[in-house]
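What follows is the content of my_file_3.cif (mmCIF, C-alpha atoms and all ligand atoms).
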```cif
data_query
loop_
_atom_site.label_atom_id
_atom_site.label_comp_id
_atom_site.auth_asym_id
_atom_site.auth_seq_id
_atom_site.Cartn_x
_atom_site.Cartn_y
_atom_site.Cartn_z
CA MET M 20 -25.23 -10.67 -105.96
CA SER M 21 -27.34 -13.73 -105.30
CA ARG M 22 -31.08 -13.61 -105.89
CA ILE M 23 -33.55 -15.60 -103.79
CA LEU M 24 -37.05 -16.77 -104.67
CA LEU M 25 -38.95 -17.46 -101.45
CA LEU M 26 -42.12 -19.55 -101.71
CA GLY M 27 -44.24 -18.58 -98.75
CA GLY M 28 -47.68 -18.51 -97.34
CA VAL M 29 -46.98 -19.04 -93.62
CA GLY M 30 -45.71 -16.80 -90.81
CA ASP M 31 -42.18 -18.26 -90.87
CA ALA M 32 -41.87 -17.33 -94.56
CA LEU M 33 -43.01 -13.80 -93.90
CA SER M 34 -40.45 -13.43 -91.12
CA ILE M 35 -37.70 -14.28 -93.65
CA ALA M 36 -39.28 -12.13 -96.41
CA ARG M 37 -39.05 -9.14 -94.06
CA ARG M 38 -35.26 -9.66 -93.92
CA LEU M 39 -34.57 -10.15 -97.65
CA GLY M 40 -33.14 -7.58 -100.05
CA PRO M 41 -34.67 -5.60 -102.95
CA GLN M 42 -33.35 -8.09 -105.54
CA ASP M 43 -35.20 -11.01 -103.90
CA ILE M 44 -38.76 -12.18 -104.59
CA TYR M 45 -41.40 -13.35 -102.13
CA SER M 46 -44.07 -15.51 -103.80
CA LEU M 47 -47.60 -16.23 -102.54
CA ALA M 48 -50.37 -18.41 -103.96
CA GLY M 49 -52.82 -15.56 -103.41
CA LEU M 50 -55.26 -17.07 -100.92
CA GLY M 51 -54.31 -14.99 -97.90
CA LYS M 52 -53.31 -11.48 -96.95
CA ARG M 53 -50.73 -9.61 -99.08
CA PRO M 54 -48.11 -8.15 -96.77
CA ALA M 55 -47.28 -4.48 -97.19
CA ASP M 56 -43.90 -2.75 -96.83
CA LEU M 57 -41.70 -5.70 -97.75
CA PRO M 58 -38.05 -4.91 -98.46
CA CYS M 59 -38.15 -7.46 -101.34
CA LYS M 60 -40.42 -7.85 -104.37
CA LEU M 61 -43.79 -9.55 -103.99
CA ARG M 62 -45.41 -11.71 -106.65
CA VAL M 63 -48.77 -13.47 -106.31
CA GLY M 64 -50.31 -16.50 -108.08
CA GLY M 65 -49.27 -19.91 -109.38
CA PHE M 66 -46.39 -20.47 -111.78
CA GLY M 67 -48.05 -23.20 -113.85
CA GLY M 68 -46.49 -26.31 -112.31
CA ALA M 69 -42.84 -27.27 -111.91
CA GLU M 70 -42.01 -26.34 -115.50
CA GLY M 71 -43.57 -22.89 -115.08
CA LEU M 72 -41.61 -22.39 -111.90
CA ALA M 73 -38.39 -23.48 -113.64
CA ASP M 74 -39.11 -20.97 -116.44
CA PHE M 75 -39.65 -18.23 -113.85
CA ILE M 76 -36.36 -19.12 -112.14
CA ALA M 77 -34.51 -18.89 -115.46
CA ALA M 78 -36.24 -15.69 -116.58
CA THR M 79 -35.58 -13.81 -113.33
CA GLY M 80 -32.05 -15.14 -112.66
CA ILE M 81 -32.84 -16.83 -109.35
CA ASP M 82 -29.94 -18.69 -107.79
CA LEU M 83 -31.53 -20.02 -104.60
CA LEU M 84 -35.06 -21.32 -104.09
CA LEU M 85 -36.49 -21.31 -100.56
CA ASP M 86 -39.54 -23.43 -99.81
CA ILE M 87 -41.19 -22.14 -96.63
CA THR M 88 -44.70 -23.20 -97.51
CA HIS M 89 -47.16 -24.91 -95.17
CA PRO M 90 -46.24 -28.56 -94.32
CA TYR M 91 -49.55 -29.67 -95.93
CA ALA M 92 -48.97 -27.68 -99.15
CA ALA M 93 -47.42 -30.76 -100.77
CA GLN M 94 -47.95 -29.79 -104.41
CA ILE M 95 -45.92 -26.59 -104.34
CA SER M 96 -43.14 -28.33 -102.38
CA ALA M 97 -42.99 -31.11 -104.99
CA ASN M 98 -42.95 -28.46 -107.73
CA ALA M 99 -40.16 -26.57 -105.98
CA ALA M 100 -37.96 -29.67 -105.71
CA ARG M 101 -38.57 -30.57 -109.38
CA ALA M 102 -38.07 -26.99 -110.64
CA ALA M 103 -34.79 -26.77 -108.73
CA GLU M 104 -33.62 -29.96 -110.44
CA LEU M 105 -34.71 -28.68 -113.87
CA SER M 106 -32.99 -25.31 -113.33
CA GLY M 107 -29.87 -26.54 -111.55
CA VAL M 108 -30.43 -24.16 -108.60
CA PRO M 109 -30.39 -25.36 -105.00
CA CYS M 110 -33.64 -25.64 -103.07
CA TRP M 111 -33.68 -25.21 -99.31
CA ALA M 112 -36.79 -26.06 -97.34
CA LEU M 113 -38.12 -25.47 -93.87
CA HIS M 114 -39.63 -28.73 -92.63
CA ARG M 115 -41.13 -27.75 -89.31
CA PRO M 116 -41.56 -30.72 -86.95
CA GLY M 117 -45.11 -31.70 -86.06
CA TRP M 118 -46.59 -31.42 -82.58
CA GLN M 119 -46.00 -34.38 -80.26
CA ALA M 120 -48.66 -35.82 -77.97
CA GLY M 121 -47.90 -35.47 -74.26
CA ALA M 122 -49.36 -36.79 -71.02
CA GLY M 123 -53.15 -36.61 -71.03
CA ASP M 124 -53.46 -36.32 -74.81
CA ASP M 125 -55.80 -38.57 -76.80
CA TRP M 126 -54.56 -37.98 -80.35
CA ARG M 127 -55.65 -40.22 -83.24
CA GLU M 128 -54.12 -39.92 -86.70
CA VAL M 129 -56.33 -40.24 -89.79
CA ALA M 130 -54.99 -40.64 -93.31
CA ASP M 131 -57.64 -38.78 -95.28
CA TRP M 132 -61.21 -37.47 -95.34
CA ALA M 133 -62.74 -40.98 -95.58
CA GLU M 134 -60.92 -42.17 -92.45
CA LEU M 135 -61.76 -38.94 -90.71
CA SER M 136 -65.50 -39.28 -91.44
CA ALA M 137 -65.50 -42.80 -90.03
CA ALA M 138 -63.59 -41.73 -86.91
CA LEU M 139 -66.07 -38.88 -86.35
CA ALA M 140 -69.12 -41.15 -86.18
CA PRO M 141 -69.37 -41.29 -82.34
CA PHE M 142 -69.14 -37.51 -81.91
CA LYS M 143 -71.84 -34.83 -81.94
CA ARG M 144 -70.09 -31.46 -81.94
CA PRO M 145 -66.81 -31.60 -83.88
CA PHE M 146 -64.60 -28.53 -84.23
CA PHE M 147 -62.73 -28.53 -87.57
CA THR M 148 -59.52 -26.52 -87.94
CA LEU M 149 -58.43 -28.06 -91.24
CA GLY M 150 -58.78 -25.08 -93.57
CA ARG M 151 -61.09 -25.21 -96.56
CA GLU M 152 -61.63 -28.96 -97.05
CA PRO M 153 -64.60 -29.43 -94.65
CA LEU M 154 -66.50 -26.67 -96.51
CA GLU M 155 -66.90 -29.15 -99.39
CA HIS M 156 -68.81 -31.53 -97.08
CA LEU M 157 -71.36 -29.17 -95.53
CA ASP M 158 -74.20 -30.88 -97.40
CA SER M 159 -73.40 -34.32 -96.00
CA ILE M 160 -73.29 -33.60 -92.27
CA PRO M 161 -74.93 -36.50 -90.37
CA ASP M 162 -78.20 -35.62 -88.58
CA SER M 163 -76.56 -36.50 -85.27
CA GLN M 164 -73.85 -33.83 -85.68
CA PHE M 165 -73.47 -30.06 -85.57
CA TRP M 166 -70.18 -28.84 -87.02
CA THR M 167 -68.11 -25.78 -86.23
CA LEU M 168 -65.47 -24.97 -88.84
CA ARG M 169 -62.70 -22.43 -88.65
CA SER M 170 -60.93 -21.39 -91.83
CA LEU M 171 -59.46 -18.30 -93.46
CA ASP M 172 -62.43 -18.01 -95.78
CA GLY M 173 -65.71 -16.66 -94.49
CA HIS M 174 -68.78 -18.76 -95.35
CA PRO M 175 -72.46 -18.50 -94.33
CA GLY M 176 -72.55 -22.13 -93.08
CA ASN M 177 -75.96 -23.82 -92.88
CA ALA M 178 -78.48 -25.18 -90.36
CA ARG M 179 -76.02 -27.90 -89.28
CA ALA M 180 -72.79 -25.90 -89.36
CA THR M 181 -71.27 -22.64 -88.21
CA VAL M 182 -68.23 -21.35 -90.10
CA ILE M 183 -65.83 -19.00 -88.35
CA GLY M 184 -63.59 -17.04 -90.73
CA ALA M 185 -60.45 -16.27 -88.72
CA ARG M 186 -56.70 -16.04 -89.10
CA GLY M 187 -54.24 -17.08 -86.34
CA PRO M 188 -52.47 -16.64 -84.04
CA PHE M 189 -55.10 -17.77 -81.54
CA ASN M 190 -54.51 -17.24 -77.83
CA LEU M 191 -55.33 -19.63 -75.02
CA ALA M 192 -58.02 -17.51 -73.35
CA ASP M 193 -59.93 -17.03 -76.61
CA GLU M 194 -59.63 -20.72 -77.46
CA ARG M 195 -60.95 -21.71 -74.02
CA ALA M 196 -63.93 -19.39 -74.49
CA LEU M 197 -64.61 -20.75 -77.98
CA PHE M 198 -64.53 -24.39 -76.83
CA ALA M 199 -66.87 -23.57 -73.93
CA ALA M 200 -69.33 -21.71 -76.14
CA GLY M 201 -69.27 -24.39 -78.87
CA GLN M 202 -69.49 -27.37 -76.49
CA PHE M 203 -67.14 -29.28 -78.81
CA ASP M 204 -66.61 -32.97 -78.12
CA VAL M 205 -63.73 -33.53 -80.58
CA LEU M 206 -61.08 -31.37 -82.27
CA ILE M 207 -59.93 -32.00 -85.85
CA SER M 208 -56.64 -30.49 -87.00
CA LYS M 209 -53.67 -30.75 -89.30
CA ASN M 210 -50.42 -31.36 -87.46
CA SER M 211 -48.87 -28.08 -88.57
CA GLY M 212 -46.45 -27.77 -85.65
CA SER M 213 -47.04 -24.01 -85.51
CA SER M 214 -47.06 -22.23 -82.16
CA ALA M 215 -49.65 -19.81 -83.60
CA THR M 216 -52.34 -22.50 -83.60
CA GLU M 217 -51.14 -24.70 -80.72
CA PRO M 218 -53.34 -23.36 -77.85
CA LYS M 219 -56.37 -25.33 -79.14
CA LEU M 220 -54.44 -28.53 -78.32
CA GLN M 221 -53.92 -27.39 -74.75
CA VAL M 222 -57.64 -26.67 -74.41
CA ALA M 223 -58.49 -30.14 -75.77
CA ARG M 224 -56.06 -31.60 -73.20
CA GLU M 225 -57.61 -29.59 -70.36
CA LEU M 226 -61.10 -30.75 -71.34
CA GLY M 227 -60.05 -34.37 -71.99
CA LEU M 228 -61.22 -34.15 -75.63
CA PRO M 229 -59.88 -36.44 -78.35
CA VAL M 230 -58.00 -34.86 -81.26
CA LEU M 231 -58.18 -36.30 -84.78
CA LEU M 232 -55.03 -35.30 -86.67
CA LEU M 233 -54.79 -35.48 -90.44
CA ALA M 234 -51.54 -37.28 -91.32
CA ARG M 235 -48.76 -35.15 -92.78
CA PRO M 236 -48.06 -35.51 -96.51
CA GLN M 237 -44.71 -36.82 -97.73
CA LEU M 238 -42.43 -33.93 -98.70
CA PRO M 239 -39.59 -34.20 -101.21
CA THR M 240 -35.94 -34.35 -100.19
CA VAL M 241 -34.13 -31.16 -101.18
CA GLU M 242 -30.55 -29.91 -100.99
CA ARG M 243 -30.83 -28.50 -97.46
CA GLU M 244 -33.63 -28.96 -94.94
CA PHE M 245 -34.08 -26.97 -91.77
CA SER M 246 -36.31 -27.64 -88.78
CA CYS M 247 -36.44 -24.07 -87.51
CA VAL M 248 -36.64 -20.73 -89.26
CA GLU M 249 -33.69 -19.18 -87.43
CA GLY M 250 -31.47 -22.10 -88.50
CA LEU M 251 -32.40 -21.37 -92.09
CA TRP M 252 -31.72 -17.67 -91.58
CA GLN M 253 -28.26 -18.41 -90.12
CA ALA M 254 -27.45 -20.53 -93.17
CA LEU M 255 -28.56 -17.69 -95.47
CA GLN M 256 -26.29 -15.28 -93.68
CA GLY M 257 -23.42 -17.70 -94.25
CA LEU M 258 -24.26 -17.60 -97.95
CA ARG M 259 -24.59 -13.83 -98.19
CA PRO M 260 -22.64 -11.52 -95.90
CA ALA M 261 -24.94 -9.48 -93.64
CA GLU M 262 -24.21 -6.23 -95.48
CA ILE M 263 -25.87 -7.43 -98.71
CA LEU M 264 -28.88 -9.17 -97.16
P1 LIG M 301 -50.55 -26.69 -102.80
O1 LIG M 301 -51.74 -27.58 -102.94
O2 LIG M 301 -49.25 -27.31 -102.48
O3 LIG M 301 -50.37 -25.78 -104.10
C1 LIG M 301 -51.38 -25.62 -105.09
C2 LIG M 301 -50.87 -24.67 -106.13
O4 LIG M 301 -50.89 -23.33 -105.64
C3 LIG M 301 -49.43 -24.93 -106.55
O5 LIG M 301 -49.33 -25.97 -107.48
C4 LIG M 301 -49.07 -23.57 -107.11
O6 LIG M 301 -49.66 -23.37 -108.40
C5 LIG M 301 -49.78 -22.62 -106.18
N1 LIG M 301 -48.94 -22.18 -105.07
C6 LIG M 301 -48.87 -22.68 -103.81
N2 LIG M 301 -48.02 -21.96 -103.06
C7 LIG M 301 -47.52 -20.99 -103.86
C8 LIG M 301 -46.61 -19.93 -103.65
N3 LIG M 301 -46.03 -19.72 -102.46
N4 LIG M 301 -46.34 -19.11 -104.70
C9 LIG M 301 -46.94 -19.32 -105.91
N5 LIG M 301 -47.82 -20.30 -106.15
C10 LIG M 301 -48.12 -21.13 -105.14
O7 LIG M 301 -50.83 -25.57 -101.71
P2 LIG M 301 -52.14 -25.20 -100.89
O8 LIG M 301 -52.34 -26.24 -99.82
O9 LIG M 301 -53.24 -24.85 -101.84
O10 LIG M 301 -51.61 -23.88 -100.18
C11 LIG M 301 -51.47 -22.69 -100.95
C12 LIG M 301 -50.63 -21.71 -100.15
O11 LIG M 301 -51.24 -21.46 -98.87
C13 LIG M 301 -49.22 -22.21 -99.88
O12 LIG M 301 -48.34 -21.14 -100.19
C14 LIG M 301 -49.20 -22.56 -98.43
O13 LIG M 301 -47.96 -22.33 -97.81
C15 LIG M 301 -50.30 -21.67 -97.84
N6 LIG M 301 -50.99 -22.37 -96.72
C16 LIG M 301 -51.46 -23.63 -96.89
C17 LIG M 301 -52.04 -24.27 -95.82
C18 LIG M 301 -52.51 -25.70 -95.94
O14 LIG M 301 -52.95 -26.26 -94.92
N7 LIG M 301 -52.42 -26.32 -97.10
C19 LIG M 301 -52.18 -23.61 -94.57
C20 LIG M 301 -51.70 -22.30 -94.46
C21 LIG M 301 -51.11 -21.68 -95.52
P3 LIG M 301 -48.82 -23.64 -109.76
O15 LIG M 301 -48.71 -25.12 -109.87
O16 LIG M 301 -49.67 -23.00 -110.79
O17 LIG M 301 -47.49 -22.97 -109.59
#
```

Let's see the structure in the file written out as structure tokens.
Amino acid sequence: MSRILLLGGVGDALSIARRLGPQDIYSLAGLGKRPADLPCKLRVGGFGGAEGLADFIAATGIDLLLDITHPYAAQISANAARAAELSGVPCWALHRPGWQAGAGDDWREVADWAELSAALAPFKRPFFTLGREPLEHLDSIPDSQFWTLRSLDGHPGNARATVIGARGPFNLADERALFAAGQFDVLISKNSGSSATEPKLQVARELGLPVLLLARPQLPTVEREFSCVEGLWQALQGLRPAEIL
């Protein structure tokens, strides 16, 4: 019977983990919530780089590696591709397409934090939805700005910043209310492509606000790549008849 190691940390990964078998393993970095009642095993924490992951694959008899990590979690995806090579097991990855700007959108891509800071100069009330990174810059907020940050981690913020600890999905009505209350004049986001966090883009469009998008990292080429989670699931079913999944 084949044994799958699923690298997760996003909703699409959890939706596959909930359909795996008792011999399979769902792996999380350990930053977020630990799901209960999984039909497969759960392990939490890093492996110690690509070599550590390759050792884990050998020690546990894994014969398929699934990378369904966040599109900006570039390190673990690089490790997965390398560990698969070292171990001689296939790696399949979900590479979810990014969001595309539509009519009325003013989206500007920035390469990194330095470009983002420069692009933010004309704005007064930015709303950051980038995860943890802006927390490292709370002490260097320009006098002309007040920041609102949303990330998984709670944080007290400071006189120039409010930090909202929250986990998606976020609905349109709540996002509209948040933008109104915060009086944001620019939205900053990763281009995750997830429907769970997409309503903020609609609100920015409705309000005519610019959106600064952090460019996506380069991800490695692996044996099979899928653009949607159900496509990946169909391929898994082809590999393992339904009765043993
Ligand atoms: P990263 O920079 O690519 O990975 C950092 C290290 O965390 C990896 O080298 C690995 O440690 C460990 N790691 C990451 N994912 C793991 C997993 N599924 N199982 C075991 N170890 C894992 O990733 P990150 O940006 O810190 O993200 C960490 C996790 O949060 C990922 O699973 C990702 O899917 C999820 N996430 C990330 C974002 C984001 O924007 N980056 C957003 C939502 C969710 P070792 O080298 O020691 O193995």

Would you give the centre and edge lengths, in Å to one decimal, of a box along x, y and z around the listed atoms of ligand LIG 301 (chain M), with 4 Å added to each side, as lines of an AutoDock Vina configuration file?
```
center_x = -49.6
center_y = -23.3
center_z = -102.6
size_x = 15.2
size_y = 16.5
size_z = 24.3
```

Quiz item: Could you pull the residues within 12 Å of stretch 240-247 of chain M, counting all atoms listed in the file, minus those fewer than 2 positions along the same chain, as number ranges by chain?
Solution: M: 31-32, 34-35, 83-87, 90, 96-104, 107-117, 212-213, 237-238, 249-255

Hey, can you spit out that residue selection with C-alpha atoms as a JSON list (two decimals), in the frame of the given file?
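File written: out.json
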```
[["chain", "number", "residue", "atom", "x", "y", "z"],
["M", 31, "ASP", "CA", -42.18, -18.26, -90.87],
["M", 32, "ALA", "CA", -41.87, -17.33, -94.56],
["M", 34, "SER", "CA", -40.45, -13.43, -91.12],
["M", 35, "ILE", "CA", -37.70, -14.28, -93.65],
["M", 83, "LEU", "CA", -31.53, -20.02, -104.60],
["M", 84, "LEU", "CA", -35.06, -21.32, -104.09],
["M", 85, "LEU", "CA", -36.49, -21.31, -100.56],
["M", 86, "ASP", "CA", -39.54, -23.43, -99.81],
["M", 87, "ILE", "CA", -41.19, -22.14, -96.63],
["M", 90, "PRO", "CA", -46.24, -28.56, -94.32],
["M", 96, "SER", "CA", -43.14, -28.33, -102.38],
["M", 97, "ALA", "CA", -42.99, -31.11, -104.99],
["M", 98, "ASN", "CA", -42.95, -28.46, -107.73],
["M", 99, "ALA", "CA", -40.16, -26.57, -105.98],
["M", 100, "ALA", "CA", -37.96, -29.67, -105.71],
["M", 101, "ARG", "CA", -38.57, -30.57, -109.38],
["M", 102, "ALA", "CA", -38.07, -26.99, -110.64],
["M", 103, "ALA", "CA", -34.79, -26.77, -108.73],
["M", 104, "GLU", "CA", -33.62, -29.96, -110.44],
["M", 107, "GLY", "CA", -29.87, -26.54, -111.55],
["M", 108, "VAL", "CA", -30.43, -24.16, -108.60],
["M", 109, "PRO", "CA", -30.39, -25.36, -105.00],
["M", 110, "CYS", "CA", -33.64, -25.64, -103.07],
["M", 111, "TRP", "CA", -33.68, -25.21, -99.31],
["M", 112, "ALA", "CA", -36.79, -26.06, -97.34],
["M", 113, "LEU", "CA", -38.12, -25.47, -93.87],
["M", 114, "HIS", "CA", -39.63, -28.73, -92.63],
["M", 115, "ARG", "CA", -41.13, -27.75, -89.31],
["M", 116, "PRO", "CA", -41.56, -30.72, -86.95],
["M", 117, "GLY", "CA", -45.11, -31.70, -86.06],
["M", 212, "GLY", "CA", -46.45, -27.77, -85.65],
["M", 213, "SER", "CA", -47.04, -24.01, -85.51],
["M", 237, "GLN", "CA", -44.71, -36.82, -97.73],
["M", 238, "LEU", "CA", -42.43, -33.93, -98.70],
["M", 249, "GLU", "CA", -33.69, -19.18, -87.43],
["M", 250, "GLY", "CA", -31.47, -22.10, -88.50],
["M", 251, "LEU", "CA", -32.40, -21.37, -92.09],
["M", 252, "TRP", "CA", -31.72, -17.67, -91.58],
["M", 253, "GLN", "CA", -28.26, -18.41, -90.12],
["M", 254, "ALA", "CA", -27.45, -20.53, -93.17],
["M", 255, "LEU", "CA", -28.56, -17.69, -95.47]]
```

Quiz item: Using all atoms listed in the file, which protein or nucleic acid residues are at most 9 Å from ligand LIG 301 (chain M), as a count of residues only?
Solution: 45

Practice problem: Choose the residue, out of M:Val230, M:Val248, M:Ile44, M:Ile23, that has the smallest atom-to-atom separation from M:Ala138; count all atoms listed in the file. | Solution: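 Answer, going by the shortest atom-to-atom distance: M:Val230.
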
Practice problem: Determine the nearest neighbour of M:Pro236 from the options M:Ala78, M:Trp126, M:Asp131, M:Pro218, counting all atoms listed in the file. | Solution: M:Asp131

Quiz item: So how far away is atom CA of M:Ile183 from atom CA of M:Ala120, in Å?
Solution: 26.2 Å

Exercise. Rank nothing, just name the residue among M:Val129, M:Leu220, M:Leu105, M:Ala234 nearest to M:Arg195, using all atoms listed in the file.
Key: M:Leu220
